[in-house]
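S.K.: File structure.cif follows (mmCIF, C-alpha atoms):
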```
data_entry
loop_
_atom_site.label_atom_id
_atom_site.label_comp_id
_atom_site.auth_asym_id
_atom_site.auth_seq_id
_atom_site.Cartn_x
_atom_site.Cartn_y
_atom_site.Cartn_z
CA MET N 174 -85.25 83.21 -183.41
CA ALA N 175 -83.90 79.64 -183.64
CA ASP N 176 -82.20 78.08 -180.63
CA TRP N 177 -78.69 77.07 -181.73
CA LYS N 178 -78.15 74.93 -178.65
CA TYR N 179 -75.14 73.14 -180.12
CA SER N 180 -73.33 76.43 -180.67
CA ASN N 181 -70.92 78.15 -178.29
CA PHE N 182 -69.82 81.13 -180.36
CA LYS N 183 -68.22 84.02 -178.50
CA ILE N 184 -65.83 86.77 -179.55
CA GLY N 185 -64.45 88.24 -176.37
CA ASP N 186 -67.43 89.31 -174.29
CA LEU N 187 -69.78 89.14 -177.29
CA VAL N 188 -72.10 86.14 -177.05
CA ILE N 189 -73.41 85.29 -180.51
CA LYS N 190 -76.40 82.97 -180.58
CA ALA N 191 -76.02 81.63 -184.12
CA PRO N 192 -72.61 80.42 -185.39
CA ILE N 193 -73.00 82.53 -188.51
CA VAL N 194 -71.25 85.69 -189.66
CA GLN N 195 -72.88 87.31 -192.67
CA GLY N 196 -70.05 88.20 -195.02
CA GLY N 197 -69.55 91.84 -195.91
CA MET N 198 -70.41 92.37 -199.58
CA GLY N 199 -69.65 95.50 -201.53
CA VAL N 200 -70.44 97.63 -203.22
CA GLY N 201 -73.79 98.22 -201.53
CA ILE N 202 -74.92 94.61 -201.21
CA SER N 203 -74.70 94.38 -197.42
CA LEU N 204 -75.67 97.59 -195.70
CA SER N 205 -77.90 98.35 -192.72
CA SER N 206 -80.97 96.44 -193.92
CA LEU N 207 -79.28 93.07 -194.38
CA ALA N 208 -76.88 93.45 -191.44
CA SER N 209 -79.64 94.32 -188.99
CA ALA N 210 -81.84 91.44 -190.18
CA VAL N 211 -79.06 88.89 -189.66
CA SER N 212 -78.22 90.42 -186.29
CA ASN N 213 -81.84 90.15 -185.20
CA GLU N 214 -81.79 86.44 -186.02
CA GLY N 215 -78.80 85.81 -183.77
CA GLY N 216 -75.93 86.00 -186.25
CA VAL N 217 -73.36 88.71 -186.85
CA GLY N 218 -74.67 91.24 -189.37
CA VAL N 219 -71.93 92.93 -191.36
CA ILE N 220 -71.93 96.21 -193.31
CA SER N 221 -69.45 96.49 -196.17
CA ALA N 222 -67.50 99.75 -196.23
CA ALA N 223 -66.27 99.38 -199.81
CA GLY N 224 -67.35 102.26 -202.02
CA ILE N 225 -70.17 103.13 -199.65
CA GLY N 226 -69.87 106.89 -200.20
CA MET N 227 -70.51 106.56 -203.94
CA LEU N 228 -73.94 105.14 -203.14
CA PHE N 229 -74.85 108.20 -201.11
CA PRO N 230 -73.12 111.18 -202.74
CA GLU N 231 -73.31 114.50 -200.91
CA ARG N 232 -73.21 117.85 -202.65
CA GLY N 233 -70.02 119.71 -201.88
CA ILE N 234 -68.45 116.71 -200.09
CA ASP N 235 -65.53 114.82 -201.61
CA LEU N 236 -65.87 111.05 -201.95
CA MET N 237 -63.37 110.29 -199.20
CA GLN N 238 -65.47 112.20 -196.67
CA ALA N 239 -68.69 110.83 -198.20
CA ASN N 240 -67.41 107.32 -197.48
CA ILE N 241 -66.89 108.18 -193.82
CA ASN N 242 -70.28 109.87 -193.51
CA ALA N 243 -72.10 107.01 -195.24
CA LEU N 244 -70.42 104.35 -193.11
CA LYS N 245 -71.36 106.14 -189.91
CA SER N 246 -74.91 106.62 -191.16
CA GLU N 247 -75.34 102.93 -192.04
CA ILE N 248 -73.98 101.82 -188.67
CA ARG N 249 -76.45 104.12 -186.92
CA LYS N 250 -79.34 102.87 -189.08
CA ALA N 251 -78.47 99.26 -188.32
CA ARG N 252 -78.19 100.00 -184.61
CA SER N 253 -81.62 101.64 -184.60
CA ILE N 254 -83.36 98.52 -185.96
CA SER N 255 -81.29 95.67 -184.53
CA LYS N 256 -80.66 94.25 -181.11
CA GLY N 257 -77.77 91.89 -181.83
CA VAL N 258 -74.11 91.94 -182.84
CA LEU N 259 -73.02 94.14 -185.75
CA GLY N 260 -69.77 94.36 -187.65
CA VAL N 261 -68.21 96.16 -190.59
CA ASN N 262 -65.95 94.77 -193.29
CA ILE N 263 -63.16 97.18 -194.22
CA MET N 264 -60.71 96.13 -196.91
CA VAL N 265 -57.08 96.82 -196.07
CA ALA N 266 -56.58 97.69 -199.74
CA LEU N 267 -58.90 100.70 -199.48
CA SER N 268 -57.00 103.93 -200.01
CA ASN N 269 -58.79 105.40 -196.97
CA PHE N 270 -58.57 102.27 -194.80
CA GLY N 271 -57.41 104.13 -191.70
CA GLU N 272 -60.11 106.78 -191.88
CA MET N 273 -62.83 104.15 -192.31
CA VAL N 274 -61.54 102.19 -189.33
CA LYS N 275 -61.54 105.36 -187.20
CA ALA N 276 -65.13 106.05 -188.22
CA ALA N 277 -66.26 102.54 -187.28
CA VAL N 278 -64.49 102.71 -183.92
CA GLU N 279 -66.03 106.11 -183.20
CA GLU N 280 -69.46 104.55 -183.80
CA ASN N 281 -68.63 101.77 -181.33
CA ILE N 282 -69.16 99.02 -183.87
CA ASP N 283 -68.95 95.59 -182.25
CA ILE N 284 -66.50 94.02 -184.70
CA ILE N 285 -64.21 95.10 -187.53
CA PHE N 286 -63.43 92.42 -190.10
CA ALA N 287 -60.38 93.35 -192.19
CA GLY N 288 -59.06 91.46 -195.20
CA ALA N 289 -57.75 92.03 -198.75
CA GLY N 290 -54.31 92.53 -197.28
CA LEU N 291 -52.67 92.15 -193.88
CA PRO N 292 -54.28 94.57 -191.37
CA LEU N 293 -51.01 95.17 -189.53
CA SER N 294 -51.96 98.69 -188.34
CA LEU N 295 -55.48 97.85 -187.15
CA PRO N 296 -54.98 97.87 -183.33
CA GLY N 297 -53.40 101.31 -183.55
CA PHE N 298 -56.82 102.84 -184.15
CA LEU N 299 -58.27 101.68 -180.83
CA SER N 300 -58.23 103.68 -177.61
CA LYS N 301 -58.17 102.24 -174.10
CA GLU N 302 -61.92 102.75 -173.93
CA SER N 303 -62.67 101.01 -177.23
CA LYS N 304 -64.80 97.88 -177.08
CA THR N 305 -64.59 97.09 -180.79
CA LYS N 306 -63.26 93.61 -181.54
CA LEU N 307 -60.68 93.14 -184.30
CA VAL N 308 -60.93 90.14 -186.63
CA PRO N 309 -58.48 89.71 -189.53
CA ILE N 310 -59.56 87.77 -192.61
CA VAL N 311 -56.76 85.44 -193.71
CA SER N 312 -56.16 82.73 -196.29
CA SER N 313 -53.32 80.86 -194.57
CA ALA N 314 -51.86 79.86 -191.22
CA LYS N 315 -48.76 81.87 -192.16
CA ALA N 316 -50.84 85.05 -192.25
CA VAL N 317 -52.16 84.26 -188.75
CA ASN N 318 -48.62 84.00 -187.47
CA VAL N 319 -47.47 87.23 -189.16
CA ILE N 320 -50.42 89.28 -187.90
CA ALA N 321 -50.29 87.91 -184.35
CA LYS N 322 -46.55 88.50 -184.04
CA TRP N 323 -46.78 92.05 -185.39
CA TRP N 324 -49.76 93.01 -183.25
CA ASN N 325 -48.10 91.65 -180.13
CA GLU N 326 -44.81 93.43 -180.73
CA LYS N 327 -46.27 96.78 -181.83
CA TYR N 328 -49.49 97.01 -179.85
CA GLN N 329 -49.49 94.22 -177.23
CA TYR N 330 -52.79 93.12 -178.77
CA VAL N 331 -53.96 89.65 -179.73
CA PRO N 332 -56.60 89.21 -182.48
CA ASP N 333 -60.06 88.60 -181.07
CA ALA N 334 -60.82 85.99 -183.77
CA PHE N 335 -59.81 85.03 -187.30
CA VAL N 336 -61.84 84.44 -190.44
CA VAL N 337 -60.09 81.92 -192.68
CA GLU N 338 -61.40 82.29 -196.22
CA GLY N 339 -60.93 79.47 -198.70
CA PRO N 340 -60.80 79.52 -202.51
CA MET N 341 -64.55 78.92 -203.05
CA ALA N 342 -65.46 82.41 -201.82
CA GLY N 343 -66.93 85.10 -204.02
CA GLY N 344 -65.42 88.42 -204.98
CA HIS N 345 -61.72 89.13 -204.72
CA LEU N 346 -59.71 86.12 -203.58
CA GLY N 347 -56.45 85.85 -201.66
CA PHE N 348 -55.09 83.08 -203.88
CA THR N 349 -53.41 82.72 -207.26
CA GLU N 350 -55.47 81.18 -210.05
CA GLU N 351 -53.37 78.02 -209.77
CA GLN N 352 -54.04 77.72 -206.03
CA LEU N 353 -57.78 77.97 -206.57
CA GLU N 354 -57.81 74.52 -208.16
CA ASN N 355 -55.23 72.97 -205.83
CA PRO N 356 -56.74 70.66 -203.13
CA ALA N 357 -53.91 71.68 -200.79
CA PHE N 358 -55.62 75.07 -200.44
CA SER N 359 -59.14 73.79 -199.80
CA LEU N 360 -60.99 75.18 -196.81
CA GLU N 361 -60.98 71.70 -195.25
CA LYS N 362 -57.16 71.90 -195.26
CA LEU N 363 -56.86 75.53 -194.24
CA VAL N 364 -59.11 75.44 -191.17
CA PRO N 365 -57.07 72.82 -189.22
CA GLU N 366 -53.85 74.65 -190.12
CA VAL N 367 -55.21 77.95 -188.80
CA LEU N 368 -56.55 76.19 -185.71
CA GLY N 369 -53.04 74.93 -185.06
CA GLU N 370 -51.67 78.48 -185.02
CA THR N 371 -54.50 79.90 -182.91
CA LYS N 372 -54.07 77.12 -180.36
CA LYS N 373 -50.49 78.29 -179.76
CA LEU N 374 -51.76 81.82 -179.16
CA GLU N 375 -54.52 80.60 -176.85
CA GLU N 376 -52.01 78.76 -174.68
CA LYS N 377 -49.97 81.96 -174.27
CA ILE N 378 -52.88 84.22 -173.33
CA ASN N 379 -55.25 81.70 -171.75
CA ARG N 380 -58.14 82.92 -173.89
CA LYS N 381 -60.19 81.43 -176.69
CA ILE N 382 -59.53 82.80 -180.19
CA PRO N 383 -62.42 81.72 -182.41
CA VAL N 384 -61.75 80.61 -185.97
CA ILE N 385 -64.51 81.35 -188.47
CA ALA N 386 -64.54 79.25 -191.67
CA ALA N 387 -65.50 81.02 -194.90
CA GLY N 388 -65.77 80.34 -198.60
CA GLY N 389 -68.26 77.91 -200.12
CA ILE N 390 -70.36 77.43 -196.97
CA PHE N 391 -73.90 76.88 -198.24
CA THR N 392 -75.98 74.62 -195.98
CA GLY N 393 -76.54 74.02 -192.30
CA ALA N 394 -74.71 70.74 -192.78
CA ASP N 395 -71.68 72.71 -193.96
CA ILE N 396 -71.87 74.79 -190.78
CA ALA N 397 -71.97 71.62 -188.69
CA ARG N 398 -69.08 69.99 -190.56
CA PHE N 399 -66.74 72.90 -189.96
CA THR N 400 -67.74 73.40 -186.35
CA GLN N 401 -67.11 69.70 -185.75
CA ILE N 402 -63.52 70.04 -187.00
CA GLY N 403 -62.92 72.97 -184.66
CA ALA N 404 -64.25 76.18 -186.20
CA SER N 405 -66.39 78.24 -183.84
CA ALA N 406 -68.58 79.55 -186.63
CA VAL N 407 -68.79 80.14 -190.36
CA GLN N 408 -69.01 83.18 -192.57
CA MET N 409 -71.67 83.10 -195.30
CA ALA N 410 -72.22 85.75 -197.95
CA THR N 411 -73.73 84.27 -201.12
CA ARG N 412 -76.74 82.78 -199.33
CA PHE N 413 -77.76 86.19 -198.00
CA VAL N 414 -77.85 87.95 -201.37
CA ALA N 415 -81.18 86.42 -202.44
CA THR N 416 -83.08 87.67 -199.41
CA GLU N 417 -85.71 90.36 -199.24
CA GLU N 418 -83.64 92.31 -196.73
CA CYS N 419 -80.48 92.37 -198.87
CA ASP N 420 -79.67 95.96 -199.82
CA ALA N 421 -79.13 95.19 -203.52
CA SER N 422 -81.76 95.63 -206.22
CA ASP N 423 -84.13 92.82 -207.23
CA GLU N 424 -82.35 92.66 -210.60
CA PHE N 425 -79.09 91.90 -208.81
CA LYS N 426 -80.71 89.21 -206.67
CA ASN N 427 -82.35 87.62 -209.70
CA ALA N 428 -78.95 87.33 -211.38
CA TYR N 429 -78.19 84.78 -208.67
CA VAL N 430 -81.51 82.98 -209.06
CA ARG N 431 -80.99 82.66 -212.84
CA CYS N 432 -77.32 81.72 -212.56
CA GLU N 433 -76.12 78.31 -213.76
CA LYS N 434 -72.91 76.59 -212.69
CA ASP N 435 -71.16 77.32 -215.98
CA ASP N 436 -71.91 81.03 -215.59
CA ILE N 437 -69.54 81.35 -212.62
CA LYS N 438 -65.94 82.05 -213.63
CA ILE N 439 -62.71 83.50 -212.31
CA ILE N 440 -61.98 86.92 -213.77
CA LYS N 441 -59.03 89.29 -213.59
CA SER N 442 -59.85 92.41 -211.61
CA PRO N 443 -58.24 95.84 -212.08
CA VAL N 444 -57.15 95.67 -208.44
CA GLY N 445 -54.68 92.88 -209.25
CA MET N 446 -56.52 89.96 -207.65
CA PRO N 447 -58.51 87.14 -209.22
CA GLY N 448 -62.23 87.37 -208.54
CA ARG N 449 -65.18 84.99 -208.82
CA ALA N 450 -68.16 86.42 -210.65
CA ILE N 451 -71.27 85.63 -212.67
CA VAL N 452 -70.15 86.10 -216.27
CA ASN N 453 -72.45 88.36 -218.29
CA ASP N 454 -72.17 90.47 -221.43
CA TYR N 455 -70.24 93.17 -219.59
CA ILE N 456 -67.53 90.72 -218.56
CA ARG N 457 -67.47 89.08 -221.98
CA GLN N 458 -66.92 92.45 -223.65
CA MET N 459 -64.08 93.18 -221.27
CA GLN N 460 -62.50 89.77 -221.88
CA ASN N 461 -62.80 90.24 -225.64
CA GLY N 462 -60.79 93.43 -225.46
CA GLU N 463 -63.74 95.73 -225.99
CA LYS N 464 -62.55 98.22 -223.39
CA MET N 465 -65.13 100.01 -221.35
CA PRO N 466 -64.89 103.80 -220.95
CA VAL N 467 -62.44 104.48 -218.13
CA SER N 468 -63.83 106.83 -215.52
CA CYS N 469 -62.21 106.87 -212.10
CA PRO N 470 -64.08 108.91 -209.47
CA TYR N 471 -61.22 108.45 -207.01
CA HIS N 472 -58.43 105.97 -206.37
CA CYS N 473 -60.47 103.73 -204.06
CA ILE N 474 -58.17 100.66 -204.07
CA LYS N 475 -54.45 101.11 -203.53
CA THR N 476 -53.49 98.33 -205.94
CA CYS N 477 -55.71 99.47 -208.82
CA ARG N 478 -53.67 100.57 -211.84
CA GLN N 479 -56.03 103.20 -213.16
CA ASP N 480 -53.97 104.02 -216.24
CA GLN N 481 -54.08 100.38 -217.39
CA SER N 482 -57.60 99.41 -216.34
CA PRO N 483 -60.23 98.84 -219.03
CA TYR N 484 -62.99 99.58 -216.51
CA CYS N 485 -63.58 100.89 -212.99
CA ILE N 486 -64.35 97.99 -210.64
CA CYS N 487 -66.15 100.23 -208.16
CA LEU N 488 -68.45 101.75 -210.78
CA ALA N 489 -69.15 98.31 -212.26
CA LEU N 490 -70.17 96.94 -208.87
CA ILE N 491 -72.30 99.97 -208.05
CA ASN N 492 -74.11 99.65 -211.38
CA ALA N 493 -74.72 95.97 -210.67
CA CYS N 494 -76.02 96.68 -207.17
CA LYS N 495 -78.52 99.12 -208.64
CA GLY N 496 -79.61 96.54 -211.22
CA HIS N 497 -77.82 98.08 -214.21
CA LEU N 498 -76.05 94.85 -215.15
CA ILE N 499 -75.50 96.07 -218.70
CA ASN N 500 -72.78 98.25 -217.15
CA GLY N 501 -71.62 95.96 -214.37
CA PHE N 502 -71.52 92.45 -212.96
CA ALA N 503 -72.15 90.46 -209.79
CA PHE N 504 -69.53 88.72 -207.70
CA THR N 505 -70.60 85.37 -206.22
CA GLY N 506 -69.26 82.37 -204.34
CA ALA N 507 -68.64 79.07 -206.11
CA ASN N 508 -72.04 77.76 -204.98
CA GLY N 509 -73.99 80.76 -206.24
CA TYR N 510 -75.72 78.61 -208.88
CA ARG N 511 -77.45 76.69 -206.07
CA VAL N 512 -79.50 79.75 -205.12
CA ARG N 513 -82.96 79.22 -206.60
CA GLU N 514 -85.31 81.66 -204.88
CA ILE N 515 -85.51 84.94 -203.04
CA THR N 516 -86.43 84.32 -199.41
CA THR N 517 -86.29 86.17 -196.11
CA VAL N 518 -83.39 86.26 -193.66
CA LYS N 519 -85.58 84.65 -191.01
CA LYS N 520 -86.58 81.73 -193.24
CA LEU N 521 -83.00 81.25 -194.41
CA MET N 522 -81.68 81.24 -190.84
CA ASP N 523 -84.43 78.81 -189.78
CA ASP N 524 -83.59 76.49 -192.69
CA LEU N 525 -79.89 76.61 -191.85
CA HIS N 526 -80.67 75.88 -188.20
CA ARG N 527 -82.82 72.86 -189.13
CA GLU N 528 -80.12 71.46 -191.42
CA TYR N 529 -77.42 72.14 -188.83
CA THR N 530 -79.41 70.42 -186.09
CA ASP N 531 -80.22 67.41 -188.25
CA TYR N 532 -76.59 66.96 -189.21
CA THR N 533 -75.36 67.44 -185.64
CA LYS N 534 -77.82 64.83 -184.38
CA ASN N 535 -77.33 62.33 -187.18
CA GLY N 536 -73.84 63.05 -188.47
CA GLU N 537 -75.09 62.74 -192.03
CA SER N 538 -74.61 65.19 -194.85
CA LEU N 539 -77.71 66.69 -196.39
#
```
Mind turning the file's structure into structure tokens?
M.R.:
Amino acid sequence: MADWKYSNFKIGDLVIKAPIVQGGMGVGISLSSLASAVSNEGGVGVISAAGIGMLFPERGIDLMQANINALKSEIRKARSISKGVLGVNIMVALSNFGEMVKAAVEENIDIIFAGAGLPLSLPGFLSKESKTKLVPIVSSAKAVNVIAKWWNEKYQYVPDAFVVEGPMAGGHLGFTEEQLENPAFSLEKLVPEVLGETKKLEEKINRKIPVIAAGGIFTGADIARFTQIGASAVQMATRFVATEECDASDEFKNAYVRCEKDDIKIIKSPVGMPGRAIVNDYIRQMQNGEKMPVSCPYHCIKTCRQDQSPYCICLALINACKGHLINGFAFTGANGYRVREITTVKKLMDDLHREYTDYTKNGESL
């Protein structure tokens, strides 16, 4: 494991050796294999809860309960093969958000990352004995203020950290299409603004509230740049897809390796948010009005308008994860085209550490 001696990343009493959170990627991209590998290399390994039960269907069990069972199973698997910090990513927009949070807390997960909406109810699922840390994913300083105020008034709880996700992230995005191209919403602008809000909270409670920068982070130099402007760590997702330990199929990983810059576009998702994806024939058919057969196993996302959706986003992502890209597609960050090979988590973390150290020593971009 690399020695990130320039890092001082802590979330509460959790000491995290590498200033890297592996982003939670659904459906089925980041499960116990990837999360445990990142954890073992000193970062925070994250399991995505989205649609997890559809990957592991159980006879006689409805999909809502299958989601809970599968999440608990993946947490236990990761725990059995890792020795570091583990988290889960649970979208607020999930129709069974509360039940999934309860399941993660019952399994004593280290951290819950919650985005795709404001996780206003999140502290209500903890007990006095709970050690799980709560980390909202936000896209603005305003959201920090709203969440912190609500949590304080309703639960007397202060967020343990924040992930601020910029417009270069993959998957569903918390911005309008116009904002995605507006420099005022760049991650370089958002991080200082969020730091300004967290500093006010820190002064009130006399405790550090780490800010984790996310969206478009690709190299160790990027990690160093954002830590130098005040972030405690970064969240990276795209880089971890093309690793041997990633839970997706080789076909899915190779979609990244083959991807060119022009292949990455913003699409309209049935859940009502813009999303960044690798455009393939499936997406082109959808955009051309060639509607896919609508089949909705269950209403997984609150905002999905099933009666008006040309396709099921969950089924499309599951098909892609399994390598059936003729019936699905892959989400990716804006820098996905820079992925050129499938590597291991250890080698990737070592490369990021080397780049981070070189930049920190020399102050020069790679």
S.K.: Expressed in Å to a single decimal, how great is the separation between CA of Lys304 (chain N) and CA of Lys245 (chain N)?
M.R.: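 CA of Lys304 (chain N) sits 16.6 Å away from CA of Lys245 (chain N).
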S.K.: Given all atoms listed in the file, how would the per-residue table for region 380-399 of chain N near region 360-372 of chain N read, listing every residue at most 8 Å away with its closest atom pair and distance in Å to one decimal, sorted by chain and number, as a tab-separated table?
M.R.:
```
residue	atom	partner	partner_atom	distance
N:Ile382	CA	N:Thr371	CA	6.4
N:Val384	CA	N:Leu368	CA	6.8
N:Ala386	CA	N:Val364	CA	6.7
N:Ala387	CA	N:Leu360	CA	7.6
N:Gly388	CA	N:Leu360	CA	7.3
N:Phe399	CA	N:Glu361	CA	7.9
```
S.K.: I need the residues from that last selection saved to file as a PDB file, in the coordinates of the input (with C-alpha atoms), if you can.
M.R.:
```pdb
ATOM      1  CA  ILE N 382     -59.530  82.800-180.190  1.00  0.00           C
ATOM      2  CA  VAL N 384     -61.750  80.610-185.970  1.00  0.00           C
ATOM      3  CA  ALA N 386     -64.540  79.250-191.670  1.00  0.00           C
ATOM      4  CA  ALA N 387     -65.500  81.020-194.900  1.00  0.00           C
ATOM      5  CA  GLY N 388     -65.770  80.340-198.600  1.00  0.00           C
ATOM      6  CA  PHE N 399     -66.740  72.900-189.960  1.00  0.00           C
TER       7      PHE N 399
END
```
S.K.: Which residue, N:Glu514, N:Asp420, N:Asp531, N:Asp435, has the smallest gap to Gly496 (chain N) when you use all atoms listed in the file?
M.R.: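 Selected residue with least distance to Gly496 (chain N): N:Asp420.
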S.K.: Which residue gives the smallest distance to Leu291 (chain N) among N:Lys315, N:Arg252, N:Arg380, N:Lys275, with all atoms listed in the file counted?
M.R.: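 Among the listed residues, the smallest separation from Leu291 (chain N) belongs to N:Lys315.
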S.K.: For the structure provided, state which residues fall under the PyMOL selection byres ((chain N and resi 265) around 8), and present them as an mmCIF file with C-alpha atoms, keeping the file's coordinate frame.
M.R.:
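Result went into result_28.cif, see below:
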```
data_model
loop_
_atom_site.group_PDB
_atom_site.id
_atom_site.type_symbol
_atom_site.label_atom_id
_atom_site.label_comp_id
_atom_site.auth_asym_id
_atom_site.auth_seq_id
_atom_site.Cartn_x
_atom_site.Cartn_y
_atom_site.Cartn_z
ATOM 1 C CA ILE N 263 -63.160 97.180 -194.220
ATOM 2 C CA MET N 264 -60.710 96.130 -196.910
ATOM 3 C CA ALA N 266 -56.580 97.690 -199.740
ATOM 4 C CA LEU N 267 -58.900 100.700 -199.480
ATOM 5 C CA PHE N 270 -58.570 102.270 -194.800
ATOM 6 C CA ALA N 287 -60.380 93.350 -192.190
ATOM 7 C CA GLY N 288 -59.060 91.460 -195.200
ATOM 8 C CA ALA N 289 -57.750 92.030 -198.750
ATOM 9 C CA GLY N 290 -54.310 92.530 -197.280
ATOM 10 C CA LEU N 291 -52.670 92.150 -193.880
ATOM 11 C CA PRO N 292 -54.280 94.570 -191.370
#
```
S.K.: Using only C-alpha atoms, which residue out of N:Phe182, N:Phe229, N:Phe335, N:Phe502 lies closest to Phe286 (chain N)?
M.R.: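 Under the stated criterion, the closest residue is N:Phe335.
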S.K.: Could you pull the residues within 9 Å of Lys519 (chain N), counting all atoms listed in the file, minus those fewer than 3 positions along the same chain, as a ChimeraX atom specification?
M.R.: /N:174,210-211,213-214,516,522-524
S.K.: Output C-alpha atoms of each residue in that selection to a file, as a CSV table (one decimal), in the frame of the given file.
M.R.:
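Full text of out-v3.csv as output:
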```csv
chain,number,residue,atom,x,y,z
N,174,MET,CA,-85.2,83.2,-183.4
N,210,ALA,CA,-81.8,91.4,-190.2
N,211,VAL,CA,-79.1,88.9,-189.7
N,213,ASN,CA,-81.8,90.2,-185.2
N,214,GLU,CA,-81.8,86.4,-186.0
N,516,THR,CA,-86.4,84.3,-199.4
N,522,MET,CA,-81.7,81.2,-190.8
N,523,ASP,CA,-84.4,78.8,-189.8
N,524,ASP,CA,-83.6,76.5,-192.7
```
S.K.: Can you build me a table of region 399-470 of chain N residues sitting at most 6 Å from region 186-209 of chain N, with the closest atom pair per residue and its distance in Å to one decimal, using all atoms listed in the file, sorted by chain and residue number, as a Markdown table?
M.R.:
```
| residue | atom | partner | partner_atom | distance |
| --- | --- | --- | --- | --- |
| N:Ala406 | CA | N:Pro192 | CA | 4.3 |
| N:Val407 | CA | N:Ile193 | CA | 5.2 |
| N:Gln408 | CA | N:Val194 | CA | 4.4 |
| N:Met409 | CA | N:Gln195 | CA | 5.1 |
| N:Ala410 | CA | N:Gly196 | CA | 4.4 |
| N:Glu418 | CA | N:Leu207 | CA | 5.0 |
| N:Cys419 | CA | N:Leu207 | CA | 4.7 |
| N:Asp420 | CA | N:Ile202 | CA | 5.1 |
| N:Ala421 | CA | N:Ile202 | CA | 4.8 |
```
S.K.: Taking the file as shown, what set of residues would the PyMOL selection byres ((chain N and resi 501) around 9) give back, as a list of chain:residue names?
M.R.: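 Evaluating the PyMOL selection byres ((chain N and resi 501) around 9) on this file yields N:Asn453, N:Asp454, N:Tyr455, N:Ile456, N:Ile486, N:Leu488, N:Ala489, N:Leu490, N:Ile491, N:Asn492, N:Ala493, N:Cys494, N:Gly496, N:His497, N:Leu498, N:Ile499, N:Asn500, N:Phe502, N:Ala503.
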S.K.: Fewer than 3 positions away in the same chain doesn't count, so skip those; otherwise give me all residues within 6 Å of region 276-283 of chain N, counting only C-alpha atoms, as a list in words.
M.R.: Leu259, Gly260, Met273 and Thr305 of chain N
S.K.: To one decimal in Å, tell me the separation between CA of Ala239 (chain N) and CA of Met446 (chain N).
M.R.: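 Distance between the two atoms: 25.9 Å.
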S.K.: Output the residue selection produced by the PyMOL selection byres ((chain N and resi 308) around 8) on the file above, formatted as a list in words.
M.R.: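 For this structure, the PyMOL selection byres ((chain N and resi 308) around 8) resolves to Ile284, Ile285, Phe286, Ala287, Lys306, Leu307, Pro309, Ile310, Pro332, Asp333, Ala334, Phe335 and Val336 of chain N.
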S.K.: Reconstruct N, CA and C atoms of region 390-402 of chain N; output as a PDB file, in the frame of the given file.
M.R.:
```
ATOM      1  N   ILE N 390     -69.400  77.934-197.965  1.00  0.00           N
ATOM      2  CA  ILE N 390     -70.360  77.430-196.970  1.00  0.00           C
ATOM      3  C   ILE N 390     -71.767  77.725-197.494  1.00  0.00           C
ATOM      4  N   PHE N 391     -72.592  76.679-197.610  1.00  0.00           N
ATOM      5  CA  PHE N 391     -73.900  76.880-198.240  1.00  0.00           C
ATOM      6  C   PHE N 391     -75.072  76.352-197.419  1.00  0.00           C
ATOM      7  N   THR N 392     -74.881  75.236-196.716  1.00  0.00           N
ATOM      8  CA  THR N 392     -75.980  74.620-195.980  1.00  0.00           C
ATOM      9  C   THR N 392     -75.690  74.571-194.487  1.00  0.00           C
ATOM     10  N   GLY N 393     -76.734  74.229-193.726  1.00  0.00           N
ATOM     11  CA  GLY N 393     -76.540  74.020-192.300  1.00  0.00           C
ATOM     12  C   GLY N 393     -75.621  72.850-192.027  1.00  0.00           C
ATOM     13  N   ALA N 394     -75.639  71.871-192.918  1.00  0.00           N
ATOM     14  CA  ALA N 394     -74.710  70.740-192.780  1.00  0.00           C
ATOM     15  C   ALA N 394     -73.269  71.205-192.915  1.00  0.00           C
ATOM     16  N   ASP N 395     -73.022  72.148-193.824  1.00  0.00           N
ATOM     17  CA  ASP N 395     -71.680  72.710-193.960  1.00  0.00           C
ATOM     18  C   ASP N 395     -71.248  73.392-192.662  1.00  0.00           C
ATOM     19  N   ILE N 396     -72.169  74.122-192.057  1.00  0.00           N
ATOM     20  CA  ILE N 396     -71.870  74.790-190.780  1.00  0.00           C
ATOM     21  C   ILE N 396     -71.467  73.740-189.745  1.00  0.00           C
ATOM     22  N   ALA N 397     -72.254  72.670-189.666  1.00  0.00           N
ATOM     23  CA  ALA N 397     -71.970  71.620-188.690  1.00  0.00           C
ATOM     24  C   ALA N 397     -70.639  70.929-188.954  1.00  0.00           C
ATOM     25  N   ARG N 398     -70.336  70.666-190.221  1.00  0.00           N
ATOM     26  CA  ARG N 398     -69.080  69.990-190.560  1.00  0.00           C
ATOM     27  C   ARG N 398     -67.879  70.786-190.087  1.00  0.00           C
ATOM     28  N   PHE N 399     -67.903  72.088-190.325  1.00  0.00           N
ATOM     29  CA  PHE N 399     -66.740  72.900-189.960  1.00  0.00           C
ATOM     30  C   PHE N 399     -66.673  73.175-188.462  1.00  0.00           C
ATOM     31  N   THR N 400     -67.802  73.251-187.804  1.00  0.00           N
ATOM     32  CA  THR N 400     -67.740  73.400-186.350  1.00  0.00           C
ATOM     33  C   THR N 400     -67.260  72.106-185.697  1.00  0.00           C
ATOM     34  N   GLN N 401     -67.565  70.970-186.310  1.00  0.00           N
ATOM     35  CA  GLN N 401     -67.110  69.700-185.750  1.00  0.00           C
ATOM     36  C   GLN N 401     -65.594  69.509-185.888  1.00  0.00           C
ATOM     37  N   ILE N 402     -64.978  70.166-186.882  1.00  0.00           N
ATOM     38  CA  ILE N 402     -63.520  70.040-187.000  1.00  0.00           C
ATOM     39  C   ILE N 402     -62.798  71.159-186.252  1.00  0.00           C
TER      40      ILE N 402
END
```
